[in-house]
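**Q** Input structure: start_3.csv, which contains CSV, C-alpha atoms.
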```
chain,number,residue,atom,x,y,z
A,1,MET,CA,96.0,130.7,101.1
A,2,LEU,CA,95.3,130.4,104.8
A,3,THR,CA,97.1,132.6,107.3
A,4,PRO,CA,98.1,131.6,110.9
A,5,GLU,CA,95.5,134.2,112.0
A,6,ASP,CA,92.8,132.3,110.0
A,7,ILE,CA,93.6,129.1,111.8
A,8,ALA,CA,93.8,130.8,115.2
A,9,ASP,CA,90.4,132.3,114.6
A,10,ALA,CA,89.0,128.8,113.7
A,11,ALA,CA,90.5,127.4,116.9
A,12,ASP,CA,88.8,130.0,119.0
A,13,LEU,CA,85.5,129.5,117.3
A,14,ILE,CA,85.4,125.7,117.5
A,15,ARG,CA,87.1,125.2,120.9
A,16,PRO,CA,83.9,125.0,122.9
A,17,HIS,CA,82.4,122.4,120.6
A,18,ILE,CA,85.2,119.8,119.9
A,19,HIS,CA,87.7,117.7,121.8
A,20,ARG,CA,91.3,118.6,122.1
A,21,THR,CA,92.5,115.1,121.1
A,22,PRO,CA,95.5,113.4,122.8
A,23,LEU,CA,99.0,113.4,121.4
A,24,VAL,CA,100.5,110.2,122.8
A,25,TYR,CA,104.0,108.8,122.6
A,26,SER,CA,104.3,105.2,121.3
A,27,PRO,CA,107.2,103.2,122.8
A,28,THR,CA,106.3,100.2,120.5
A,29,PHE,CA,106.4,102.1,117.2
A,30,SER,CA,109.4,104.1,118.4
A,31,ALA,CA,111.3,100.9,119.1
A,32,MET,CA,110.2,99.4,115.7
A,33,THR,CA,111.5,102.4,113.7
A,34,GLY,CA,114.3,103.9,115.8
A,35,CYS,CA,112.4,107.2,115.8
A,36,GLU,CA,110.4,109.0,118.4
A,37,VAL,CA,106.8,108.3,117.3
A,38,TYR,CA,103.7,110.1,118.5
A,39,LEU,CA,100.1,109.6,117.6
A,40,LYS,CA,97.6,112.4,117.2
A,41,LEU,CA,94.4,110.5,118.1
A,42,GLU,CA,91.5,112.0,116.1
A,43,THR,CA,89.9,108.7,116.6
A,44,LEU,CA,88.8,110.1,119.9
A,45,GLN,CA,87.3,113.3,118.4
A,46,LYS,CA,83.6,113.8,118.5
A,47,ALA,CA,81.9,111.6,115.8
A,48,GLY,CA,85.0,109.5,115.6
A,49,SER,CA,87.1,111.6,113.2
A,50,PHE,CA,88.8,115.0,112.5
A,51,LYS,CA,85.9,115.9,110.2
A,52,VAL,CA,83.8,117.6,112.9
A,53,ARG,CA,86.5,120.4,113.2
A,54,GLY,CA,86.0,121.7,109.7
A,55,ALA,CA,82.2,121.2,109.7
A,56,VAL,CA,81.7,123.1,112.9
A,57,HIS,CA,83.9,125.9,111.7
A,58,SER,CA,82.3,126.2,108.3
A,59,ILE,CA,78.7,126.1,109.7
A,60,LEU,CA,79.3,128.5,112.6
A,61,LYS,CA,81.2,130.9,110.4
A,62,ASN,CA,78.3,131.1,108.0
A,63,ARG,CA,75.5,130.6,110.5
A,64,LYS,CA,73.8,134.0,109.8
A,65,GLY,CA,73.4,133.1,106.1
A,66,ILE,CA,71.9,129.7,106.6
A,67,GLY,CA,68.2,129.6,106.0
A,68,SER,CA,65.4,127.2,106.6
A,69,ALA,CA,66.8,124.7,104.1
A,70,GLY,CA,69.7,124.2,106.4
A,71,VAL,CA,73.0,122.7,105.3
A,72,VAL,CA,73.8,120.0,102.8
A,73,ALA,CA,76.9,117.9,102.4
A,74,ALA,CA,78.1,114.9,100.4
A,75,SER,CA,80.0,112.2,102.1
A,76,ALA,CA,80.9,108.5,102.1
A,77,GLY,CA,81.0,108.5,105.9
A,78,ASN,CA,83.0,110.7,108.3
A,79,HIS,CA,82.1,114.1,106.8
A,80,ALA,CA,78.5,113.0,107.0
A,81,GLN,CA,78.7,112.5,110.8
A,82,GLY,CA,80.8,115.7,111.3
A,83,VAL,CA,78.3,117.9,109.4
A,84,ALA,CA,75.3,116.2,111.2
A,85,LEU,CA,76.9,116.9,114.6
A,86,ALA,CA,77.9,120.4,113.6
A,87,ALA,CA,74.4,121.2,112.3
A,88,GLY,CA,73.0,120.1,115.6
A,89,ILE,CA,75.4,122.4,117.5
A,90,ALA,CA,74.3,125.3,115.3
A,91,GLY,CA,70.6,124.4,115.5
A,92,VAL,CA,70.1,124.0,111.7
A,93,ARG,CA,68.7,121.3,109.5
A,94,ALA,CA,71.2,118.9,107.8
A,95,THR,CA,70.8,116.8,104.6
A,96,ILE,CA,73.6,114.4,103.8
A,97,VAL,CA,74.0,112.9,100.3
A,98,MET,CA,75.7,109.6,100.4
A,99,PRO,CA,76.7,107.3,97.5
A,100,VAL,CA,75.1,104.0,96.8
A,101,GLY,CA,77.0,101.3,98.7
A,102,SER,CA,78.2,103.6,101.5
A,103,SER,CA,78.4,102.1,104.9
A,104,VAL,CA,75.0,101.4,106.5
A,105,ALA,CA,76.6,101.9,109.9
A,106,LYS,CA,77.8,105.4,108.9
A,107,GLN,CA,74.4,106.2,107.4
A,108,GLU,CA,72.8,105.3,110.7
A,109,ALA,CA,75.4,107.2,112.7
A,110,ALA,CA,74.6,110.4,110.7
A,111,ARG,CA,70.9,109.8,111.2
A,112,GLY,CA,71.6,109.4,114.9
A,113,TYR,CA,73.0,112.9,114.9
A,114,GLY,CA,69.8,114.2,113.4
A,115,ALA,CA,70.6,114.4,109.7
A,116,GLU,CA,68.3,113.4,106.8
A,117,ILE,CA,70.1,110.9,104.5
A,118,VAL,CA,69.7,110.9,100.7
A,119,ILE,CA,71.3,108.1,98.7
A,120,ALA,CA,72.4,109.4,95.3
A,121,GLY,CA,75.3,108.8,93.1
A,122,ARG,CA,77.6,105.8,92.5
A,123,THR,CA,80.7,107.7,93.6
A,124,LEU,CA,81.5,110.5,96.0
A,125,GLN,CA,81.9,112.8,93.1
A,126,GLU,CA,78.4,112.1,91.8
A,127,SER,CA,77.1,112.6,95.4
A,128,ILE,CA,78.8,116.0,95.5
A,129,LEU,CA,77.2,117.0,92.2
A,130,TYR,CA,73.8,116.1,93.7
A,131,ALA,CA,74.5,118.0,96.9
A,132,GLN,CA,75.4,121.1,94.7
A,133,VAL,CA,71.9,120.8,93.1
A,134,LEU,CA,70.4,120.9,96.5
A,135,ALA,CA,72.6,123.9,97.4
A,136,GLU,CA,71.2,125.7,94.4
A,137,ARG,CA,67.7,125.3,95.9
A,138,GLY,CA,68.7,127.2,99.0
A,139,ALA,CA,70.8,124.9,101.3
A,140,PHE,CA,74.2,125.9,102.4
A,141,LEU,CA,76.8,123.5,101.0
A,142,VAL,CA,79.6,122.2,103.3
A,143,HIS,CA,82.1,120.8,100.9
A,144,PRO,CA,84.1,117.9,102.4
A,145,TYR,CA,87.5,119.4,101.5
A,146,ASP,CA,87.4,122.2,99.0
A,147,ASP,CA,86.2,124.9,101.4
A,148,LYS,CA,88.5,127.4,103.1
A,149,HIS,CA,86.6,127.2,106.4
A,150,VAL,CA,86.7,123.4,106.4
A,151,ILE,CA,90.4,123.5,105.7
A,152,ALA,CA,91.0,126.0,108.5
A,153,GLY,CA,89.1,123.9,110.9
A,154,ALA,CA,91.3,120.9,110.0
A,155,GLY,CA,94.3,123.1,110.4
A,156,THR,CA,93.7,123.4,114.2
A,157,ILE,CA,95.2,119.9,114.5
A,158,GLY,CA,98.5,121.3,113.3
A,159,THR,CA,98.3,124.1,115.9
A,160,GLU,CA,97.6,121.6,118.7
A,161,ILE,CA,100.6,119.4,117.6
A,162,LEU,CA,103.0,122.4,117.7
A,163,GLU,CA,101.6,123.5,121.1
A,164,GLU,CA,102.5,120.2,122.6
A,165,LEU,CA,105.6,119.2,120.5
A,166,GLY,CA,107.2,122.2,119.1
A,167,ASP,CA,110.3,120.5,117.8
A,168,VAL,CA,108.6,117.9,115.7
A,169,ALA,CA,110.5,116.8,112.6
A,170,TYR,CA,107.9,115.1,110.5
A,171,VAL,CA,104.1,115.1,110.4
A,172,ILE,CA,102.5,112.3,108.4
A,173,VAL,CA,98.9,112.8,107.3
A,174,PRO,CA,96.3,110.8,105.3
A,175,VAL,CA,95.3,112.4,102.0
A,176,GLY,CA,92.0,112.1,100.1
A,177,GLY,CA,90.6,115.3,98.8
A,178,GLY,CA,93.4,117.2,100.5
A,179,GLY,CA,91.6,119.4,103.0
A,180,LEU,CA,93.2,117.8,106.1
A,181,ILE,CA,96.8,117.9,105.0
A,182,ALA,CA,96.3,121.4,103.5
A,183,GLY,CA,95.1,122.8,106.8
A,184,ILE,CA,97.7,121.0,108.9
A,185,ALA,CA,100.5,122.0,106.6
A,186,ALA,CA,99.4,125.7,106.5
A,187,ALA,CA,99.2,125.8,110.3
A,188,ILE,CA,102.7,124.2,110.8
A,189,LYS,CA,104.6,125.9,108.0
A,190,GLY,CA,102.7,129.2,108.7
A,191,ALA,CA,104.0,129.1,112.3
A,192,GLY,CA,107.6,129.0,110.9
A,193,SER,CA,108.2,125.3,111.9
A,194,PRO,CA,110.8,123.4,109.9
A,195,ALA,CA,108.8,120.2,110.2
A,196,ARG,CA,108.4,118.3,107.0
A,197,ILE,CA,104.8,117.5,106.0
A,198,ILE,CA,104.2,114.1,104.4
A,199,GLY,CA,100.9,112.9,102.9
A,200,VAL,CA,99.9,109.3,102.4
A,201,GLN,CA,97.3,107.8,100.0
A,202,ALA,CA,96.1,104.3,99.3
A,203,ALA,CA,97.7,103.0,96.1
A,204,ALA,CA,94.3,102.0,94.9
A,205,CYS,CA,93.2,105.7,94.7
A,206,ASP,CA,96.3,107.8,94.2
A,207,ALA,CA,94.9,111.1,92.8
A,208,ALA,CA,96.8,113.4,95.2
A,209,TYR,CA,100.0,111.4,94.8
A,210,ARG,CA,99.8,111.8,91.0
A,211,ALA,CA,98.9,115.4,91.3
A,212,PHE,CA,101.8,116.1,93.5
A,213,ALA,CA,104.2,114.2,91.3
A,214,PHE,CA,103.0,115.7,88.0
A,215,GLU,CA,101.9,119.1,89.4
A,216,GLU,CA,98.5,118.7,87.8
A,217,ARG,CA,95.2,117.6,89.1
A,218,GLU,CA,93.7,114.6,87.3
A,219,LEU,CA,90.7,112.3,87.8
A,220,VAL,CA,91.6,108.7,88.6
A,221,SER,CA,89.4,105.6,88.8
A,222,PRO,CA,89.4,104.4,92.4
A,223,GLY,CA,90.2,100.7,92.9
A,224,ARG,CA,88.9,98.6,95.8
A,225,THR,CA,90.3,99.9,99.1
A,226,ILE,CA,89.7,99.6,102.8
A,227,ALA,CA,90.6,103.3,103.1
A,228,ASP,CA,87.2,104.6,101.9
A,229,GLY,CA,87.7,107.8,103.8
A,230,ILE,CA,90.5,108.9,101.4
A,231,ALA,CA,89.2,107.2,98.2
A,232,VAL,CA,88.7,110.5,96.5
A,233,PRO,CA,89.2,110.4,92.7
A,234,ILE,CA,90.6,114.0,92.3
A,235,VAL,CA,92.3,116.3,94.8
A,236,GLY,CA,90.5,119.5,95.6
A,237,GLU,CA,91.4,122.7,93.7
A,238,ARG,CA,91.9,124.8,96.8
A,239,PRO,CA,93.8,122.1,98.8
A,240,PHE,CA,96.0,121.4,95.8
A,241,GLY,CA,97.4,124.9,95.7
A,242,MET,CA,98.2,124.7,99.4
A,243,ILE,CA,99.7,121.2,99.0
A,244,ARG,CA,102.0,122.5,96.4
A,245,ALA,CA,103.1,125.4,98.6
A,246,PHE,CA,103.5,123.6,102.0
A,247,VAL,CA,103.7,119.8,101.6
A,248,ASP,CA,107.1,118.1,101.2
A,249,ARG,CA,106.1,114.6,100.0
A,250,ILE,CA,103.2,112.3,99.2
A,251,GLY,CA,103.6,108.6,99.3
A,252,ILE,CA,101.3,105.6,98.8
A,253,VAL,CA,100.6,102.4,100.8
A,254,SER,CA,99.2,99.1,99.8
A,255,GLU,CA,96.1,97.4,101.2
A,256,GLU,CA,98.2,94.8,103.0
A,257,GLU,CA,100.3,97.5,104.6
A,258,MET,CA,97.1,99.2,105.9
A,259,VAL,CA,95.7,95.9,107.1
A,260,GLN,CA,98.8,95.2,109.1
A,261,ALA,CA,98.8,98.7,110.5
A,262,ILE,CA,95.2,98.3,111.7
A,263,LEU,CA,96.2,95.1,113.5
A,264,LEU,CA,99.2,96.7,115.2
A,265,LEU,CA,97.2,99.7,116.3
A,266,ALA,CA,94.6,97.4,117.8
A,267,GLU,CA,97.1,95.1,119.5
A,268,ARG,CA,99.7,97.6,120.7
A,269,LYS,CA,97.6,100.7,121.4
A,270,HIS,CA,94.2,99.2,121.8
A,271,LEU,CA,92.8,101.5,119.1
A,272,VAL,CA,90.1,100.8,116.6
A,273,VAL,CA,91.2,102.6,113.5
A,274,GLU,CA,89.7,102.9,110.0
A,275,GLY,CA,91.8,102.3,106.8
A,276,ALA,CA,92.5,106.0,106.2
A,277,GLY,CA,93.6,106.5,109.8
A,278,SER,CA,96.0,103.6,109.5
A,279,ALA,CA,97.8,105.0,106.4
A,280,PRO,CA,100.4,107.1,108.3
A,281,LEU,CA,101.6,104.2,110.3
A,282,ALA,CA,101.5,101.9,107.3
A,283,TYR,CA,103.8,104.4,105.5
A,284,LEU,CA,106.2,104.8,108.4
A,285,LEU,CA,106.6,101.0,108.8
A,286,SER,CA,106.9,100.4,105.0
A,287,GLY,CA,110.5,101.7,105.0
A,288,ARG,CA,109.9,103.9,102.0
A,289,GLY,CA,110.1,107.1,104.0
A,290,MET,CA,113.8,106.8,104.9
A,291,PHE,CA,113.5,108.7,108.2
A,292,PRO,CA,116.7,109.5,110.1
A,293,LYS,CA,117.1,107.7,113.4
A,294,GLN,CA,115.8,109.6,116.4
A,295,SER,CA,113.5,111.7,114.3
A,296,ARG,CA,110.5,113.0,116.1
A,297,ILE,CA,107.5,112.0,114.1
A,298,VAL,CA,103.7,112.6,114.5
A,299,LEU,CA,101.2,110.3,112.8
A,300,VAL,CA,97.8,111.9,112.4
A,301,ILE,CA,95.4,109.0,113.1
A,302,SER,CA,92.5,110.7,111.4
A,303,GLY,CA,89.5,108.5,112.3
A,304,GLY,CA,88.2,105.3,113.8
A,305,ASN,CA,84.9,104.8,112.0
A,306,ILE,CA,85.4,101.4,110.5
A,307,ASP,CA,82.4,99.0,110.2
A,308,LEU,CA,82.8,96.2,112.8
A,309,PRO,CA,82.3,93.4,110.3
A,310,LEU,CA,85.1,94.9,108.1
A,311,PHE,CA,87.3,95.4,111.2
A,312,GLN,CA,86.9,91.7,112.1
A,313,ARG,CA,87.8,90.6,108.6
A,314,VAL,CA,90.8,92.9,108.5
A,315,ILE,CA,92.1,91.6,111.8
A,316,HIS,CA,91.6,88.0,110.7
A,317,GLN,CA,93.4,88.6,107.3
A,318,ALA,CA,96.2,90.4,109.1
A,319,GLN,CA,96.6,87.4,111.5
A,320,VAL,CA,96.7,84.9,108.6
A,321,ALA,CA,99.3,87.0,106.8
A,322,ARG,CA,101.5,87.0,110.0
A,323,ASP,CA,101.0,83.2,110.5
A,324,ARG,CA,99.0,83.9,113.6
A,325,SER,CA,96.0,81.9,112.3
A,326,MET,CA,95.7,78.7,110.4
A,327,THR,CA,92.8,76.4,109.3
A,328,ILE,CA,93.1,72.7,109.0
A,329,SER,CA,90.6,70.4,107.3
A,330,VAL,CA,90.5,66.7,108.2
A,331,VAL,CA,88.1,63.7,107.9
A,332,VAL,CA,87.2,61.8,111.1
A,333,ASP,CA,84.9,59.0,112.1
A,334,ASP,CA,81.4,60.2,113.0
A,335,ARG,CA,81.3,58.6,116.4
A,336,PRO,CA,81.5,59.8,120.0
A,337,GLY,CA,84.9,60.9,121.1
A,338,SER,CA,86.4,61.5,117.6
A,339,LEU,CA,86.1,65.2,117.7
A,340,ALA,CA,87.4,65.4,121.2
A,341,LYS,CA,90.4,63.4,120.3
A,342,LEU,CA,91.2,65.7,117.3
A,343,LEU,CA,90.8,68.8,119.5
A,344,GLY,CA,93.0,67.3,122.2
A,345,THR,CA,95.8,66.7,119.6
A,346,ILE,CA,95.6,70.4,118.6
A,347,ALA,CA,95.6,71.5,122.2
A,348,GLY,CA,98.5,69.3,123.0
A,349,ALA,CA,100.5,71.3,120.4
A,350,GLY,CA,99.5,74.6,122.0
A,351,GLY,CA,96.9,75.6,119.5
A,352,ASN,CA,94.0,77.8,120.6
A,353,ILE,CA,90.8,76.9,118.7
A,354,HIS,CA,88.8,79.8,117.4
A,355,GLU,CA,86.1,78.1,115.3
A,356,ILE,CA,84.9,74.6,114.4
A,357,ILE,CA,82.8,73.7,111.3
A,358,GLN,CA,81.5,70.1,110.8
A,359,LYS,CA,80.3,68.9,107.4
A,360,ARG,CA,78.4,65.7,106.9
A,361,ASP,CA,77.0,66.2,103.4
A,362,GLU,CA,80.2,66.7,101.4
A,363,LYS,CA,80.4,64.8,98.2
A,364,GLY,CA,82.7,61.8,98.6
A,365,LEU,CA,82.4,61.3,102.3
A,366,HIS,CA,81.4,57.9,103.6
A,367,PRO,CA,78.2,57.9,105.7
A,368,THR,CA,80.2,57.1,108.8
A,369,GLU,CA,82.6,60.1,108.3
A,370,ILE,CA,82.5,63.9,108.8
A,371,ARG,CA,84.8,66.6,107.6
A,372,VAL,CA,86.0,68.9,110.4
A,373,GLU,CA,87.4,72.4,109.6
A,374,VAL,CA,89.2,74.0,112.6
A,375,GLU,CA,90.5,77.6,112.7
A,376,ILE,CA,93.4,77.8,115.1
A,377,GLU,CA,95.2,80.8,116.7
A,378,THR,CA,99.0,80.3,116.5
A,379,ARG,CA,102.2,82.0,117.5
A,380,GLY,CA,103.8,82.0,114.1
A,381,LEU,CA,105.1,79.7,111.4
A,382,LEU,CA,107.1,77.4,113.6
A,383,HIS,CA,104.1,76.9,115.8
A,384,GLN,CA,102.0,76.0,112.8
A,385,GLU,CA,104.6,73.5,111.7
A,386,ARG,CA,104.5,71.9,115.2
A,387,ILE,CA,100.7,71.6,115.0
A,388,ARG,CA,100.9,70.0,111.6
A,389,SER,CA,103.5,67.6,112.9
A,390,HIS,CA,101.3,66.6,115.8
A,391,LEU,CA,98.3,66.0,113.5
A,392,THR,CA,100.5,64.0,111.1
A,393,GLY,CA,101.8,61.9,113.9
A,394,ALA,CA,98.2,61.2,115.0
A,395,GLY,CA,97.2,60.2,111.5
A,396,TYR,CA,95.0,63.2,110.7
A,397,LEU,CA,97.3,64.6,108.0
A,398,SER,CA,99.5,62.8,105.5
A,399,GLY,CA,103.2,63.2,105.9
```
Please go through the file and, once you have read it, give me the structure as structure tokens.
**A**
Amino acid sequence: MLTPEDIADAADLIRPHIHRTPLVYSPTFSAMTGCEVYLKLETLQKAGSFKVRGAVHSILKNRKGIGSAGVVAASAGNHAQGVALAAGIAGVRATIVMPVGSSVAKQEAARGYGAEIVIAGRTLQESILYAQVLAERGAFLVHPYDDKHVIAGAGTIGTEILEELGDVAYVIVPVGGGGLIAGIAAAIKGAGSPARIIGVQAAACDAAYRAFAFEERELVSPGRTIADGIAVPIVGERPFGMIRAFVDRIGIVSEEEMVQAILLLAERKHLVVEGAGSAPLAYLLSGRGMFPKQSRIVLVISGGNIDLPLFQRVIHQAQVARDRSMTISVVVDDRPGSLAKLLGTIAGAGGNIHEIIQKRDEKGLHPTEIRVEVEIETRGLLHQERIRSHLTGAGYLSG
């Protein structure tokens, strides 16, 4: 178990090398929930996530024992960047093992911090096994979550929360391998705070949720999820003991709930947040937490390293689900003015046009016709019905 002194020592050691991230009040999410909601923005941490805290602490703590082979780590993304950055601070070599199919952008980000990238393993667990082989050859292994120094580094987030908001009632934290929530819970409960610590996992990979419910670690088969940062098939052994001792609840969220949370964080707080980082807000807004009104709640927004193409798709999907985007497909005459007339009809109904695709080679079209697909930004379902009514009245859609 970690002591408050362990986490205080970690804070002293890493302080010159990390950012003290903001803890900001959200009027929007407070109004939506009837609670007092704050966001701990690890999206603004170096390398874009909380991971650098544990990596810096582990490497600096063990610096004297690290030889010419440097450090090795396995990661699907954020831990890779944290270890690469931390290795640069310590002046040691870094090798990062990443699974096949891991984000190219995250690979390039780790390379940008000076790490050598090795692609090995179909899953994170297989990548960890390969990293352990490299460690047996002389490299120092920085485990992504099952390492007491990594956990202590993550725990400094809990210390910062209490220093700024001593009477917090709930702290909601994403959970993958468990290192982040274990450290935060140890820091907050170790300081004597009555705050309740709640973990959140993606339903598609719920190893920690199951372990907490059944009091036994078990391997799960991860499903497809946008929360790749917490898609860990088994909770760590060391974190699990601390979770059992300090964590009050672990819940799960759906992909759609995280998609909507990412959109809200972008629209209302102008934040780019990855799937894992959106999970606490997704859980809070799901209504499953049953938080008393006026409760003071901190959401740990753990990282912002989402691939931009995925971010764009997520935002679009969220807008479609909220009736903020619609696509219409109509056939018009292929002659001057036809397209302008169609677009004028849409504009007359207040539709904002995002994209236009014209198809002339579709089977069944007359040589004098084209099919036009138009993506339109809308204000909601009633607005969409108004646009359809205008198009029907103009003869583009059937009644």
**Q** If you count all atoms listed in the file, which residues fall within 10 Å of Ala120 in chain A, apart from same-chain ones fewer than 2 positions away, as an MDAnalysis selection string?
**A** chainID A and resid 74 96:101 117:118 122:124 126:131
**Q** Would you list the contacts of range 264-269 of chain A as a list in words, taking every protein, DNA or RNA residue within 9 Å and counting only C-alpha atoms, but skipping same-chain residues closer than 5 positions in sequence?
**A**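 In the requested form, the answer reads Ser26, Thr28, Phe29, Val259, Ser278, Leu281 and Ile315 of chain A.
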**Q** Which residue is closest to Ala84 in chain A? Choose from A:Tyr283, A:Phe214, A:Tyr113, A:Phe140 and count only C-alpha atoms.
**A**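 Among the listed residues, the smallest separation from Ala84 in chain A belongs to A:Tyr113.
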**Q** What separation in Å, quoted to one decimal, exists between CA of Asp334 in chain A and CA of Gln384 in chain A?
**A**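 About the pair CA of Asp334 in chain A and CA of Gln384 in chain A: they are 26.0 Å apart.
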**Q** Skip Thr378 in chain A itself and residues of its chain fewer than 4 positions away, then list as a ChimeraX atom specification all residues within 12 Å of it, counting only C-alpha atoms.
**A** /A:319-327,346-347,349-354,382-388
**Q** Output as a Markdown table one row per residue of range 89-195 of chain A within 6 Å of range 4-16 of chain A: the closest atom pair and its distance in Å to one decimal place, counting all atoms listed in the file, sorted by chain and residue number ascending.
**A**
```
| residue | atom | partner | partner_atom | distance |
| --- | --- | --- | --- | --- |
| A:Ala152 | CA | A:Ile7 | CA | 5.2 |
| A:Gly153 | CA | A:Ala10 | CA | 5.6 |
| A:Thr156 | CA | A:Ala11 | CA | 5.8 |
| A:Ala187 | CA | A:Pro4 | CA | 5.9 |
| A:Gly190 | CA | A:Pro4 | CA | 5.6 |
```
**Q** Restricted to C-alpha atoms, what would the selected residues look like written as a PDB file, in the coordinates of the input?
**A**
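In the end it all went to result.pdb:
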```pdb
ATOM      1  CA  ALA A 152      91.000 126.000 108.500  1.00  0.00           C
ATOM      2  CA  GLY A 153      89.100 123.900 110.900  1.00  0.00           C
ATOM      3  CA  THR A 156      93.700 123.400 114.200  1.00  0.00           C
ATOM      4  CA  ALA A 187      99.200 125.800 110.300  1.00  0.00           C
ATOM      5  CA  GLY A 190     102.700 129.200 108.700  1.00  0.00           C
TER       6      GLY A 190
END
```
**Q** Using Å and a single decimal, report how far CA of Arg217 in chain A sits from CA of Leu285 in chain A.
**A**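 Between these atoms lies a distance of 28.2 Å.
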**Q** Could you state the separation of CA of Phe240 in chain A and CA of Arg196 in chain A in Å, given to one decimal place?
**A**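 Going from CA of Phe240 in chain A over to CA of Arg196 in chain A covers 17.0 Å.
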**Q** Take the point (88.7, 65.0, 113.6) as written in the file and pick out every residue within 8 Å of it, counting only C-alpha atoms; give the list as a PyMOL selection string.
**A** chain A and resi 330-333+338-343+370-372+396
**Q** So, with all atoms listed in the file as the atoms that count, which of A:Ala109, A:Ala76, A:Val24, A:Val150 lies closest to Leu60 in chain A?
**A**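 Answer, going by the shortest atom-to-atom distance: A:Val150.
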**Q** With distances taken over all atoms listed in the file, which of A:Ile198, A:Val253, A:Ala207, A:Val374 is nearest to Gly236 in chain A?
**A**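 Residue with the minimum atom-to-atom distance to Gly236 in chain A: A:Ala207.
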